[in-house]
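Okay, protein07.cif is below, mmCIF, C-alpha atoms and all ligand atoms:
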```cif
data_run
#
loop_
_atom_site.label_atom_id
_atom_site.label_comp_id
_atom_site.auth_asym_id
_atom_site.auth_seq_id
_atom_site.Cartn_x
_atom_site.Cartn_y
_atom_site.Cartn_z
CA MET A 231 0.00 0.00 0.00
CA LEU A 232 1.07 3.58 -0.68
CA ASP A 233 0.30 5.78 2.29
CA VAL A 234 0.70 9.53 1.86
CA LYS A 235 0.40 11.71 4.96
CA ASN A 236 0.38 15.52 5.11
CA LEU A 237 2.38 15.80 1.90
CA SER A 238 3.30 19.36 0.99
CA VAL A 239 5.63 20.60 -1.72
CA VAL A 240 7.12 24.06 -1.98
CA LEU A 241 8.67 25.10 -5.32
CA SER A 242 10.42 28.44 -5.82
CA LYS A 243 9.01 29.56 -2.43
CA ARG A 244 5.47 28.76 -3.62
CA ARG A 245 3.43 26.10 -1.83
CA VAL A 246 2.14 23.96 -4.70
CA LEU A 247 0.73 21.02 -2.71
CA HIS A 248 -1.04 21.50 0.62
CA ALA A 249 -0.96 18.69 3.21
CA LEU A 250 -2.33 15.89 1.02
CA ASN A 251 -3.54 12.65 2.61
CA PHE A 252 -4.45 9.56 0.61
CA THR A 253 -3.69 5.89 0.13
CA ILE A 254 -3.44 3.54 -2.84
CA ARG A 255 -4.12 -0.11 -2.17
CA ASN A 256 -2.63 -3.11 -3.99
CA GLY A 257 -4.75 -4.06 -6.99
CA GLU A 258 -6.11 -0.55 -7.60
CA VAL A 259 -5.94 1.80 -10.57
CA VAL A 260 -6.28 5.26 -9.02
CA GLY A 261 -6.83 8.18 -11.38
CA LEU A 262 -5.47 11.64 -10.55
CA LEU A 263 -7.70 14.31 -12.07
CA GLY A 264 -7.66 18.08 -11.97
CA PRO A 265 -7.45 21.17 -14.14
CA ASN A 266 -4.19 22.53 -15.59
CA GLY A 267 -1.92 23.76 -12.83
CA ALA A 268 -3.75 21.82 -10.07
CA GLY A 269 -0.52 20.08 -9.04
CA LYS A 270 -0.86 16.60 -10.62
CA SER A 271 2.63 16.44 -12.15
CA THR A 272 4.13 17.99 -9.02
CA LEU A 273 2.51 15.27 -6.91
CA MET A 274 3.74 12.53 -9.21
CA ARG A 275 7.26 13.95 -9.28
CA ALA A 276 7.26 14.32 -5.49
CA LEU A 277 6.20 10.67 -5.06
CA SER A 278 8.99 9.58 -7.38
CA GLY A 279 11.59 11.43 -5.34
CA GLN A 280 12.25 14.39 -7.63
CA TYR A 281 11.25 17.13 -5.17
CA PRO A 282 11.93 17.68 -1.49
CA ILE A 283 8.74 17.11 0.50
CA GLU A 284 7.17 17.84 3.84
CA GLY A 285 5.14 14.98 5.32
CA ALA A 286 5.50 11.23 4.87
CA ILE A 287 5.28 8.78 1.98
CA LYS A 288 5.27 5.09 2.88
CA LEU A 289 5.27 2.29 0.34
CA ASP A 290 4.44 -0.84 2.30
CA GLU A 291 7.20 -1.07 4.90
CA HIS A 292 9.48 1.49 3.19
CA ASP A 293 9.84 5.19 3.90
CA LEU A 294 9.94 6.16 0.21
CA PRO A 295 12.03 9.37 0.40
CA SER A 296 14.80 7.64 2.31
CA LEU A 297 15.27 4.79 -0.20
CA SER A 298 18.40 4.84 -2.34
CA ILE A 299 17.90 5.62 -6.03
CA ALA A 300 18.41 1.94 -6.89
CA GLU A 301 15.94 0.72 -4.24
CA ARG A 302 13.40 3.27 -5.34
CA ALA A 303 13.73 2.14 -8.96
CA ARG A 304 12.97 -1.44 -7.91
CA ASN A 305 9.82 -0.33 -6.10
CA LEU A 306 8.42 2.49 -8.21
CA ALA A 307 8.34 3.24 -11.94
CA TYR A 308 7.57 6.77 -13.10
CA LEU A 309 6.38 7.61 -16.60
CA PRO A 310 6.73 11.36 -17.13
CA GLN A 311 4.34 13.54 -19.08
CA THR A 312 6.96 14.45 -21.69
CA ARG A 313 7.51 11.37 -23.80
CA ILE A 314 9.92 12.20 -26.57
CA ILE A 315 12.82 9.75 -26.92
CA GLY A 316 16.14 11.55 -27.31
CA TRP A 317 18.42 8.63 -28.10
CA PRO A 318 18.54 6.87 -31.50
CA MET A 319 18.35 3.40 -29.94
CA ARG A 320 16.48 0.29 -31.01
CA VAL A 321 13.01 0.15 -29.43
CA ARG A 322 13.80 -3.18 -27.72
CA ASP A 323 16.92 -1.61 -26.16
CA VAL A 324 14.95 1.40 -24.90
CA VAL A 325 12.45 -0.91 -23.22
CA ALA A 326 15.31 -3.03 -21.81
CA LEU A 327 16.55 0.06 -19.93
CA GLY A 328 13.65 -0.63 -17.57
CA ARG A 329 15.46 -3.79 -16.42
CA LEU A 330 18.64 -2.00 -15.27
CA PRO A 331 17.52 -1.53 -11.62
CA TRP A 332 17.35 -5.32 -11.32
CA ARG A 333 20.95 -5.99 -12.41
CA ALA A 334 24.28 -5.46 -10.70
CA LEU A 335 26.68 -3.16 -12.56
CA GLY A 336 28.18 -5.00 -15.54
CA GLN A 337 25.88 -8.02 -15.15
CA ARG A 338 24.47 -9.35 -18.43
CA SER A 339 20.74 -9.46 -19.01
CA SER A 340 19.02 -12.74 -18.14
CA ALA A 341 16.26 -14.79 -19.74
CA ALA A 342 13.90 -13.26 -17.15
CA ASP A 343 14.91 -9.76 -18.37
CA ALA A 344 14.21 -10.74 -21.97
CA GLU A 345 10.84 -12.14 -20.95
CA ALA A 346 9.89 -8.97 -19.06
CA VAL A 347 10.90 -6.83 -22.06
CA GLN A 348 8.86 -8.95 -24.46
CA HIS A 349 5.85 -8.85 -22.13
CA ALA A 350 6.07 -5.04 -21.94
CA LEU A 351 6.45 -4.72 -25.73
CA ASP A 352 3.34 -6.88 -26.20
CA LEU A 353 1.31 -5.11 -23.52
CA MET A 354 1.94 -1.69 -25.09
CA ASP A 355 1.45 -2.99 -28.63
CA VAL A 356 4.95 -2.03 -29.78
CA ALA A 357 6.37 -5.54 -30.39
CA HIS A 358 6.09 -4.99 -34.14
CA LEU A 359 8.34 -1.91 -33.74
CA ALA A 360 10.97 -3.68 -31.61
CA ASP A 361 13.77 -3.43 -34.20
CA ARG A 362 13.01 0.14 -35.34
CA THR A 363 15.03 3.15 -34.22
CA ALA A 364 13.00 4.77 -31.44
CA THR A 365 13.59 8.37 -32.57
CA GLU A 366 12.06 7.57 -35.96
CA LEU A 367 8.67 6.61 -34.48
CA SER A 368 5.57 8.79 -34.29
CA GLY A 369 4.76 10.69 -31.08
CA GLY A 370 2.13 8.17 -29.96
CA GLU A 371 4.43 5.25 -30.76
CA GLN A 372 7.26 6.81 -28.74
CA ALA A 373 4.83 7.34 -25.86
CA ARG A 374 3.94 3.64 -25.91
CA VAL A 375 7.61 2.62 -26.06
CA LEU A 376 8.38 4.68 -22.94
CA ALA A 377 5.31 3.21 -21.23
CA ALA A 378 6.68 -0.24 -22.10
CA ARG A 379 10.00 0.71 -20.50
CA ALA A 380 8.16 1.65 -17.28
CA VAL A 381 6.20 -1.64 -17.40
CA ALA A 382 9.41 -3.62 -17.93
CA GLN A 383 10.70 -2.14 -14.66
CA ASP A 384 8.25 -4.53 -12.99
CA THR A 385 7.61 -2.48 -9.84
CA ARG A 386 4.85 -2.72 -7.27
CA LEU A 387 3.90 0.94 -7.89
CA LEU A 388 3.54 2.43 -11.36
CA ILE A 389 3.07 6.20 -11.62
CA ALA A 390 2.03 7.39 -15.07
CA ASP A 391 1.56 11.09 -15.90
CA GLU A 392 -1.02 11.39 -18.69
CA PRO A 393 -0.07 8.12 -20.44
CA ALA A 394 -3.16 8.25 -22.69
CA SER A 395 -2.64 11.74 -24.07
CA GLY A 396 -1.74 11.81 -27.75
CA LEU A 397 -2.84 8.20 -28.30
CA ASP A 398 -5.52 7.22 -30.81
CA PRO A 399 -8.82 5.91 -29.33
CA ALA A 400 -7.92 2.23 -29.66
CA HIS A 401 -4.55 2.74 -27.99
CA GLN A 402 -6.10 4.88 -25.24
CA ILE A 403 -8.36 1.96 -24.38
CA MET A 404 -5.44 -0.46 -24.73
CA MET A 405 -3.41 1.71 -22.34
CA MET A 406 -6.17 1.75 -19.72
CA GLU A 407 -6.73 -2.00 -20.09
CA ALA A 408 -3.00 -2.57 -19.70
CA LEU A 409 -2.90 -0.46 -16.52
CA ARG A 410 -5.85 -2.38 -15.15
CA ARG A 411 -4.19 -5.70 -15.97
CA ILE A 412 -1.02 -4.56 -14.16
CA ALA A 413 -3.07 -3.56 -11.10
CA ARG A 414 -4.94 -6.85 -11.08
CA GLN A 415 -1.60 -8.59 -10.54
CA GLY A 416 -1.68 -7.00 -7.09
CA ARG A 417 0.28 -3.86 -7.98
CA MET A 418 -0.66 -0.19 -7.53
CA VAL A 419 -1.23 2.09 -10.48
CA PHE A 420 -1.49 5.88 -10.06
CA VAL A 421 -2.38 7.56 -13.34
CA SER A 422 -3.12 11.20 -14.16
CA LEU A 423 -5.71 11.78 -16.83
CA HIS A 424 -7.40 14.75 -18.46
CA ASP A 425 -9.92 12.52 -20.19
CA LEU A 426 -12.84 12.22 -17.77
CA THR A 427 -14.48 9.59 -19.98
CA LEU A 428 -11.48 7.27 -19.65
CA ALA A 429 -11.20 7.98 -15.94
CA ALA A 430 -14.87 7.22 -15.30
CA ARG A 431 -14.64 3.93 -17.11
CA TRP A 432 -11.24 2.51 -16.19
CA CYS A 433 -10.26 3.81 -12.76
CA ASP A 434 -11.24 1.97 -9.60
CA ARG A 435 -10.97 5.24 -7.71
CA VAL A 436 -10.27 8.85 -8.58
CA ILE A 437 -8.53 11.56 -6.60
CA MET A 438 -9.35 15.10 -7.69
CA LEU A 439 -6.88 17.91 -7.16
CA LYS A 440 -7.73 21.60 -7.28
CA ASP A 441 -5.27 24.35 -6.37
CA GLY A 442 -2.93 21.83 -4.76
CA GLU A 443 -5.61 20.38 -2.46
CA ILE A 444 -7.68 17.20 -2.62
CA ALA A 445 -11.17 18.07 -3.83
CA GLY A 446 -12.49 14.51 -3.90
CA ASP A 447 -11.37 10.90 -3.34
CA GLY A 448 -13.63 7.96 -4.08
CA SER A 449 -15.19 5.78 -6.76
CA PRO A 450 -15.77 7.44 -10.16
CA GLY A 451 -19.51 7.02 -9.66
CA LEU A 452 -19.42 8.96 -6.42
CA MET A 453 -16.84 11.56 -7.38
CA MET A 454 -18.02 12.40 -10.87
CA GLN A 455 -21.25 14.05 -9.88
CA PRO A 456 -22.44 17.25 -11.61
CA GLN A 457 -21.74 19.53 -8.65
CA ARG A 458 -18.18 18.32 -8.14
CA LEU A 459 -17.36 18.44 -11.87
CA ALA A 460 -18.67 21.99 -11.94
CA HIS A 461 -16.60 22.96 -8.88
CA VAL A 462 -13.34 21.28 -9.92
CA PHE A 463 -13.39 21.62 -13.70
CA GLY A 464 -16.06 24.21 -14.47
CA VAL A 465 -17.85 21.84 -16.85
CA ARG A 466 -21.17 20.09 -17.13
CA ALA A 467 -21.39 16.56 -18.47
CA HIS A 468 -23.71 13.94 -19.81
CA PHE A 469 -23.92 10.76 -17.73
CA ALA A 470 -25.11 7.33 -18.81
CA LEU A 471 -24.71 3.75 -17.62
CA ASP A 472 -24.17 0.67 -19.75
CA THR A 473 -23.40 -2.93 -18.83
CA GLU A 474 -19.69 -2.10 -18.45
CA GLY A 475 -20.12 0.94 -16.23
CA LEU A 476 -20.26 4.71 -16.28
CA ILE A 477 -20.16 6.76 -19.48
CA LEU A 478 -19.33 10.40 -18.90
CA ALA A 479 -18.95 13.01 -21.63
CA PRO A 480 -18.23 16.68 -20.84
CA THR A 481 -20.75 18.71 -22.82
CA GLY A 482 -20.26 22.36 -21.92
CA LEU A 483 -18.87 25.04 -19.66
CA ILE A 484 -20.50 26.20 -16.47
CA GLN A 485 -21.12 29.94 -16.63
CA ARG A 486 -19.10 31.39 -13.73
N1 LIG B 501 9.51 24.49 -10.61
C1 LIG B 501 8.43 25.20 -10.28
N2 LIG B 501 8.55 26.37 -9.60
C2 LIG B 501 7.45 27.08 -9.24
N3 LIG B 501 6.19 26.70 -9.49
C3 LIG B 501 6.02 25.56 -10.16
C4 LIG B 501 7.12 24.74 -10.59
N4 LIG B 501 6.63 23.66 -11.24
C5 LIG B 501 5.29 23.80 -11.24
N5 LIG B 501 4.93 24.94 -10.59
C6 LIG B 501 3.57 25.42 -10.38
O1 LIG B 501 2.87 24.44 -9.65
C7 LIG B 501 1.52 24.40 -10.08
C8 LIG B 501 1.17 22.96 -10.43
O2 LIG B 501 1.88 22.57 -11.60
P1 LIG B 501 1.75 21.10 -12.16
O3 LIG B 501 2.64 20.99 -13.35
O4 LIG B 501 1.95 20.14 -11.05
O5 LIG B 501 0.21 21.08 -12.60
P2 LIG B 501 -0.61 19.96 -13.37
O6 LIG B 501 -1.83 19.71 -12.55
O7 LIG B 501 0.26 18.79 -13.68
O8 LIG B 501 -1.01 20.74 -14.70
P3 LIG B 501 -1.22 20.25 -16.23
O9 LIG B 501 -2.57 19.61 -16.26
O10 LIG B 501 -1.21 21.53 -16.97
O11 LIG B 501 -0.11 19.32 -16.60
C9 LIG B 501 1.40 25.37 -11.25
O12 LIG B 501 0.80 26.55 -10.79
C10 LIG B 501 2.82 25.61 -11.68
O13 LIG B 501 2.99 26.91 -12.16
#
```
Structure re-expressed in structure tokens:
Amino acid sequence: MLDVKNLSVVLSKRRVLHALNFTIRNGEVVGLLGPNGAGKSTLMRALSGQYPIEGAIKLDEHDLPSLSIAERARNLAYLPQTRIIGWPMRVRDVVALGRLPWRALGQRSSAADAEAVQHALDLMDVAHLADRTATELSGGEQARVLAARAVAQDTRLLIADEPASGLDPAHQIMMMEALRRIARQGRMVFVSLHDLTLAARWCDRVIMLKDGEIAGDGSPGLMMQPQRLAHVFGVRAHFALDTEGLILAPTGLIQR
């Protein structure tokens, strides 16, 4: 379980996150929602050890901020929002970088590493691109390759900052299904999303951020009510239910 207590982050003397409290349980996909500037990326970076924090972050028995970089990389994978690959490497080699935290310096990759890489390539539907040069791929393809690298890291917590943005509809659904499959193996997935339709359908729980504070934490059905959507996002939405769950489509702006 991830247990976050009184987490605050100050950047350039500005308090961006204000005493956040929440948990993520094993097996859950938890969506992080909120308008631009709410603090989603800051929270994800803080959890992955990129910012100094106030408060406490515990991942099972570990105090996350005090783990070494190597230990952290074996426990937590972080997929950043910017997903352009800078190195002209083969796709399979980019994904294999996710295995480095599991090997001693100079140790050769094992059959288990190769299996994890292939699994990640398949899960993110990039196996057919495995021998291409990563920098020559489209933006959405590069995004899926970097997601595969994070999956190959095989950690109990996966933090993904807007992994569905820039993907075509089929790959957005594939991404959410993949995250759900990862969670159902008993792992934790924390995913930020701007697409409320995807969040309503694929997240077990959503946490809403507004101005660096939690404005809601619960099931999509409970959290995505008209009043809260109006308060947090300033939008109204159409709601429907089908056999697979909630369908939510933002339809207009609330006049403020
Ligand atoms: N290094 C920094 N120094 C000062 N303020 C920062 C810094 N990084 C981010 N902020 C501020 O923190 C707030 C939250 O930014 P953050 O990037 O976390 O928002 P977000 O919810 O991820 O937004 P978006 O949906 O646009 O990606 C913003 O007001 C931003 O200006």
Original post:
Quick one: residues within 6 Å of ligand LIG 501 (chain B), with all atoms listed in the file, as a list in words?
Top reply: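 The residues within 6 Å of ligand LIG 501 (chain B), counting all atoms listed in the file, are Leu241, Ser242, Val246, Pro265, Asn266, Gly267, Ala268, Gly269, Lys270, Ser271 and Thr272 of chain A.
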Subject >> Nearby residues, (-6.4, 16.0, -12.8) file frame, 7 Å, only C-alpha atoms, as a PyMOL selection string >> reply: chain A and resi 262-265+268+270+422-424+438-439
Subject >> Using all atoms listed in the file: which of A:Ile389, A:Asp425, A:Gly446, A:Ala460 has the shortest distance to Asn251 of chain A >> reply: A:Gly446
Subject >> Residues near Leu353 of chain A, cut-off 9 Å, only C-alpha atoms, skip fewer than 2 positions along chain, as a ChimeraX atom specification >> reply: /A:348-351,355-357,378,381,404-405,408
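Around Arg431 of chain A, within 9 Å and counting only C-alpha atoms, the residues found are A:Leu426, A:Thr427, A:Leu428, A:Ala429, A:Cys433, A:Asp434, A:Pro450, A:Glu474, A:Gly475, A:Leu476, A:Ile477, A:Leu478, once anything fewer than 2 positions away on its own chain is removed.
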**OP:** Rank A:Ala430, A:Ala360, A:Val436, A:Leu309 by their smallest atom-to-atom distance to His468 of chain A, using all atoms listed in the file, and report the top residue only.
**Re:** A:Ala430
Original post:
In Å to one decimal, how far is atom CA of Leu327 of chain A from atom CA of Ile315 of chain A?
Top reply: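 Rounded to one decimal, the two atoms are 12.5 Å apart.
Atom CA of Val259 of chain A lies 6.7 Å from atom CA of Arg435 of chain A.
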**OP:** Using only C-alpha atoms, collect all residues at a distance of at most 12 Å from (-19.3, 27.0, -14.4) as written in the file, then present them as JSON, numbers by chain.
**Re:** {"A": [456, 457, 458, 459, 460, 461, 462, 463, 464, 465, 466, 467, 481, 482, 483, 484, 485, 486]}
**OP:** Would you kindly return, as a ChimeraX atom specification, each protein, DNA or RNA residue with an atom no farther than 8 Å from any atom of segment 296-306 of chain A, considering only C-alpha atoms and excluding same-chain residues fewer than 5 positions away?
**Re:** /A:278,331-332,383-389
Subject >> Shell of 10 Å around segment 282-291 of chain A, all atoms listed in the file, local chain residues under 2 positions omitted, as a PyMOL selection string >> reply: chain A and resi 231-241+247-256+273+275-277+279-280+293-296+302+305-306+386-387
Original post:
Between atom CA of Ala377 of chain A and atom CA of Gly328 of chain A, what is the distance, to one decimal in Å?
Top reply: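 The value is 9.9 Å.
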